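Okay, so here's the structure we're looking at.
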Amino acid sequence: MKILALNGSFRKNGNTEILLKQALMGAESEGASVEILRLTDYQIHPCRGCGLCLFRENVCQVQDDDVSFIFSKIDECDGMILGAPCYFLELTAVVKQLIDRCWILGHKIGKIKKPATVIVPYATRGWIPYVSLQSNILLNIMGLTKINEITICTQGISEVVLDTEAMDLAHEMGREIAVAAEKKDFTYKGDPGICPSCHDWLFRILKDRETVECPTCGVRGKLSLREGKISVTFEEKAWADSRFRPDVGYNHFTYHIAPSKDYFLRTKEERKLKTQRFKEYLNR
Amino acid sequence: MPRYLAELRYYPGDPLEDIKISDLKTLGKEYGVNISCAKIENREMKDGLLMERTLDKRIEDITQEVITVTSDQEENFSKCLVALYKKYRCPRTPYSLLGSNEAGQKIAKKLMDQHGGW
């Protein structure tokens, strides 16, 4: 059994790396073999938006970087720990860069059964609203099931070693992911959040001002106040629209993306004519 | 020829609830517009999923439900579209108004932007 840690921090031996290594030690204590990849050590070029991976299955035009290698490592592992610092409200750019390259993995949504856990060190309390959003997108599109997630308030480089509770927690999360991978038990053990699927606390108010939606899962519910506490209730049928269900992912590709080729081809001449002035403008 | 014509193309999974002719008739009557629905079904069951190859097909030929709304009255036409968007949510794709006339498409698109987010 192998546990892979993906490190979204540039800093060597920084708080993220320390917490990930501590978690891997926990995984090792359960008999796992372990590996860590620092994402910034690898070339992750931007997605070119060419759509080839969507229109010609499994073909990515960007071949001169290390994304295929990173994906192969994820394929090899039985469980994954994602670690990334939050510098400014969200995870680091390298995580988003990887998310954008995950289009090619879209066909795996909901089909892989591997657990994942997330560790996010951050400095200022209250400045982490989008960290779960990003990690949820990444894990979901990679087909992994999140079983836990923690945010740890720490600041200067390597200061987290002074926080015994955080270090113990990271060790326990590593042990936990190894056990989950071994037993194939993907029960969620973290903070329940508001969304029962991705466990985030974020919600989007829709324009009718009657409905709220989990921005990650796309599942809609109704907001209410119960004994002064905000809650969201979901109808059972709402879960049929969850973005990361295999059938919803299939419909999205089949009916929203693939048919755009027909529209693209039939508007070719008109586009060519209307695009010309933009090719010439500010293009010296 | 009606002044305003909109064709709203809903693909599998797009409408929030089943599109029923009886509901459309009620809406048509309520807003004084002509409304109809055409259903195209080309999916086949494979591996437990209803599947279809759409990559090299014409948009009009793939599985979808097309609600057609026509009227000479802008206000009625607009109100009916808003009601449809509220009931089923907006069609999802940039080409989901294909087949509409120019006046109808302009209104339908503007209302999607105003009442979208579903």
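Going through the structure tokens in order, the chains are called A, B, and so on, while each chain numbers its residues from 1 and the ligands are numbered from 1 in the order shown.
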Please identify the alpha helix (DSSP H) residues within chain B (assignment by DSSP from backbone atoms) and present them as a ChimeraX atom specification. /B:21-31,74-88,102-115
Near chain A, meaning an atom within 7 Å, which residues of chain B appear when counting only C-alpha atoms? Write them as a list in words. Tyr11, Pro12, Gly13, Leu49, Thr54, Leu55, Asp56, Lys57, Arg58, Ile59, Thr93, His115, Gly116, Gly117 and Trp118 of chain B
Might you pull out every residue within 10 Å of Tyr10 (chain B), with only C-alpha atoms counted and same-chain residues fewer than 6 positions away left off, and present them as an MDAnalysis selection string? (chainID A and resid 255) or (chainID B and resid 19 39 63:67 88:93 96:97)
Return the single residue from A:Phe88, A:Val95, A:Cys102, A:Glu172 that is closest to Arg125 (chain A), with distances computed using only C-alpha atoms.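 Comparing A:Phe88, A:Val95, A:Cys102, A:Glu172 against Arg125 (chain A), the winner is A:Phe88.
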Pull the strand (DSSP E) assignments for region 42-144 of chain A out of DSSP run on the backbone, and list those residues as an NGL selection string. :A and (79-83 or 115-122)
Residues as selected, C-alpha atoms, written as a compact mmCIF listing (two decimals), in the first residue's frame, can you do that?
```txt
# COMPACT_ATOMS: atom_id res chain seq x y z
CA GLY A 79 -4.17 7.12 -1.02
CA MET A 80 -3.09 10.74 -1.29
CA ILE A 81 -2.34 13.63 1.04
CA LEU A 82 -2.60 17.06 -0.51
CA GLY A 83 -0.77 19.80 1.31
CA PRO A 115 -9.03 8.15 -0.24
CA ALA A 116 -7.43 11.55 0.10
CA THR A 117 -6.84 13.98 2.90
CA VAL A 118 -5.91 17.65 2.92
CA ILE A 119 -3.56 19.70 5.11
CA VAL A 120 -3.47 23.48 4.78
CA PRO A 121 -1.20 25.66 6.92
CA TYR A 122 -2.11 29.34 6.95
```
Residues near Leu27 (chain B), cut-off 12 Å, only C-alpha atoms, skip fewer than 4 positions along chain, as JSON, numbers by chain: {"B": [19, 20, 21, 22, 23, 31, 32, 33, 34, 35, 36, 67, 69, 76, 77, 79, 80, 81, 82, 83, 84, 85, 86, 87]}
For the selection just defined, write its residues with C-alpha atoms to a file, as a JSON list (two decimals), in the first residue's frame.
```json
[["chain", "number", "residue", "atom", "x", "y", "z"],
["B", 19, "ILE", "CA", -40.64, 18.96, -19.05],
["B", 20, "LYS", "CA", -44.33, 18.12, -19.34],
["B", 21, "ILE", "CA", -46.58, 19.25, -22.19],
["B", 22, "SER", "CA", -49.39, 19.87, -19.67],
["B", 23, "ASP", "CA", -47.17, 22.32, -17.72],
["B", 31, "TYR", "CA", -48.88, 34.33, -20.58],
["B", 32, "GLY", "CA", -50.84, 34.29, -23.85],
["B", 33, "VAL", "CA", -48.04, 32.84, -25.97],
["B", 34, "ASN", "CA", -47.71, 29.82, -28.24],
["B", 35, "ILE", "CA", -45.57, 27.15, -26.72],
["B", 36, "SER", "CA", -44.64, 23.66, -27.82],
["B", 67, "ILE", "CA", -39.21, 24.27, -26.07],
["B", 69, "VAL", "CA", -42.08, 29.95, -27.57],
["B", 76, "ASN", "CA", -45.81, 38.27, -22.69],
["B", 77, "PHE", "CA", -42.94, 36.57, -24.46],
["B", 79, "LYS", "CA", -42.59, 36.84, -18.87],
["B", 80, "CYS", "CA", -43.10, 33.36, -20.22],
["B", 81, "LEU", "CA", -39.35, 32.90, -20.74],
["B", 82, "VAL", "CA", -38.65, 34.00, -17.17],
["B", 83, "ALA", "CA", -41.24, 31.51, -15.90],
["B", 84, "LEU", "CA", -39.61, 28.76, -17.95],
["B", 85, "TYR", "CA", -36.17, 29.67, -16.62],
["B", 86, "LYS", "CA", -37.51, 29.64, -13.09],
["B", 87, "LYS", "CA", -39.18, 26.28, -13.54]]
```
Using only C-alpha atoms, which protein or nucleic acid residues come within 8 Å of region 157-169 of chain A? Drop anything in the same chain fewer than 4 positions from it, and give the result as a compact mmCIF listing (two decimals) with C-alpha atoms, in the first residue's frame.
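Output below, filename result_11.txt:
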```txt
# COMPACT_ATOMS: atom_id res chain seq x y z
CA ASN A 13 11.21 22.27 4.81
CA GLY A 14 8.49 24.83 5.27
CA ASN A 15 5.39 24.25 7.34
CA ILE A 18 6.92 19.39 7.62
CA LEU A 19 3.24 18.62 8.13
CA GLN A 22 4.78 14.12 9.67
CA ILE A 152 -3.45 24.79 10.77
CA MET A 173 -4.15 12.01 9.53
```
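Interatomic distance, CA of Tyr130 (chain A) to CA of Pro215 (chain A): 10.7 Å.
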